[in-house]
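Worksheet: one structure, shown below.
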Amino acid sequence: MNISKTQTGRYKKQLRLLHGEQVSYDIVTSDEKIPKIYAIPLTRTENVYDDCLTTSVSNFIESEDSYKQIKEQSKNQVKEQLEPRINQFKELCKKFNQDLDINIGDPRLLDEKIFVVENDKEHGRKIGSGYKSIANILLANFNEKYSIILIDEIENHIHPALLRVLLRDLRKTKDAQIIVTSHSSVVINECDFTELIDVPNQQLRNLDDNIKNRLQTFLHPGRCEIFFADNIILVEGYTEELLLTNFLNERDNQNWTIVNVANVMFEPYIKLAITLGDKRIIVISDDDRKASNGPSSRYEKLQKLCAENEITLLNTENTLESDLAKNGLLETGSQFLKDLPGTEYKIAKNSHAKMLIAWELIDKKVDLSNWHVMKDLKNAIGNS
């Protein structure tokens, strides 16, 4: 975006694409309507003039002591004006057991340097880039009536716990529109669906309210990887997640992200993945069959949903553990299994046993390549 002043005193605001093509322009007559735009992290130009055309303000001061006094007064006055933002930054740092402050460099014709200090140590020596970025972000919007803050990849140099607190604090910023880009599932997880823009097809707001509510409630950073993954395998439990992750890790160039939807909540995540567009999806689920009764109604609904959207659905008979035992991959008398009354199936004794089964298969390096689930998965990956 370019803002320029015309000969008549009005301002012209032009929006252009990167290659120069003009998209639109608008004429505004009041300075107050021109937004102040900050790019974060800020890049400061040291000096735009040739050395021979500039001189130091110290040349106009009677003595060196007077010059030092003016500089110190200027630094104190600037820091006093910045005090609200400085306190906000210091309070944020306390949440992470950090005793950091903001200091002011020697002023040079309104070219003050602002930096982060730790107690009385020289700035930048042991302070992480994340805290410096946060200081820039918080200070950039100081006392501005109209502001747009643009932050490119806000997660850079910031660890997840600090990132969450930063995002929550940014919501408290008044009179500012904050636009960030991100590749972080933590950032996505902290956002409301109404805050997400520029995703493929921009259809998130059109999701059914019930689906949105379930996603908003149960999404976490691991499941938020759906937003960034090109190829997704949806599984319903941690045992499946562990086994499949280990299986895929043994194969080169398998660009598939495994997302554990927890128990049987496939529908919201399938619809989310479809809405995001251009993603390959494979679903692996138990069919919950009991003896000769056939698959459960839950599984039949899942079959219909996958068929309607041309999604590959792979199943294990009864439960994952039942299928493993039936195919000779678990010992029939395994200490982790019990009989399912009225059926021929063996199931895990409890949720803890399910995890131990997965660990035992991985630890003993049991070959699962001939298991029908892995064979079907390999074919699905190759054909999708």
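If you're wondering about the labels, chains in the structure tokens are A, B, ... by order shown, residues count from 1 in each chain, ligands from 1 in order shown.
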
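The protein and nucleic acid residues lying at most 12 Å from Leu92 in chain A are Arg85, Ile86, Asn87, Gln88, Phe89, Lys90, Lys94, Lys95, Phe96, Asn97, Gln98, Asp99, Leu100, Asp101, Tyr131, Ile134, Ala135, Leu138, Ala161, Leu162, Leu163, Arg164, Val165, Leu166, Leu167, Arg168, Asp169 and Leu170 of chain A, with only C-alpha atoms considered and sequence neighbours fewer than 2 positions away removed.
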
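Backbone DSSP of range 185-337 of chain A yields strand (DSSP E) at Asn231, Ile232, Ile233, Leu234, Val235, Thr257, Ile258, Val259, Asn260, Arg280, Ile281, Ile282, Val283, Ile284, Ser285, Asp286, Thr312, Leu313, Leu314, Asn315, Thr316 and Leu337 of chain A.
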
Task: Shell of 9 Å around Lys212 in chain A, only C-alpha atoms, local chain residues under 4 positions omitted, as a PyMOL selection string - done: chain A and resi 193+204-205+207-208+216-217+268+272

Open item on the list: Using only C-alpha atoms, which protein or nucleic acid residues come within 6 Å of range 180-182 of chain A? Drop anything in the same chain fewer than 5 positions from it, and give the result as a ChimeraX atom specification.
Closed with: /A:150-153

Could the residues in this selection be written to a file with C-alpha atoms, as a PDB file, in the first residue's frame?
```pdb
ATOM      1  CA  LEU A 150       1.417  -6.363  10.715  1.00  0.00           C
ATOM      2  CA  ILE A 151       3.405  -9.227  12.240  1.00  0.00           C
ATOM      3  CA  ASP A 152       5.049 -11.704   9.891  1.00  0.00           C
ATOM      4  CA  GLU A 153       5.296 -15.213  11.402  1.00  0.00           C
TER       5      GLU A 153
END
```

Give me, as CSV, the closest atom pair and its distance (Å, one decimal) for every residue of range 187-263 of chain A within a cut-off of 12 Å of range 306-312 of chain A, counting only C-alpha atoms, rows sorted by chain and rising number.
```
residue,atom,partner,partner_atom,distance
A:Asn231,CA,A:Ile311,CA,11.9
A:Ile232,CA,A:Ile311,CA,10.8
A:Ile233,CA,A:Thr312,CA,9.8
A:Leu234,CA,A:Thr312,CA,10.5
```

Expected file contents, prior selection, N, CA and C atoms, as a CSV table (one decimal), in the first residue's frame:
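So again18.csv came out as:
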```
chain,number,residue,atom,x,y,z
A,231,ASN,N,-1.3,-33.9,3.7
A,231,ASN,CA,-1.8,-35.3,3.7
A,231,ASN,C,-2.1,-35.6,5.1
A,232,ILE,N,-3.3,-36.1,5.4
A,232,ILE,CA,-3.8,-36.3,6.8
A,232,ILE,C,-4.3,-37.7,6.9
A,233,ILE,N,-3.8,-38.4,8.0
A,233,ILE,CA,-4.4,-39.7,8.4
A,233,ILE,C,-5.1,-39.4,9.8
A,234,LEU,N,-6.4,-39.6,9.8
A,234,LEU,CA,-7.2,-39.4,11.0
A,234,LEU,C,-7.3,-40.8,11.7
```

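The smallest atom-to-atom distance between Tyr269 in chain A and any of A:Asn246, A:Ser369, A:Asn213, A:Thr239, using only C-alpha atoms, is found for A:Asn213.
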
Open item on the list: Need the shell around range 328-343 of chain A: protein/DNA/RNA residues with any atom at most 9 Å away, counting only C-alpha atoms. Skip same-chain ones fewer than 5 positions apart. Format as a PyMOL selection string?
Closed with: chain A and resi 290-292+321-323+348-350+352-354+356-357+361+366-368+371

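Between CA of Phe228 in chain A and CA of Ile154 in chain A lies a distance of 15.8 Å.
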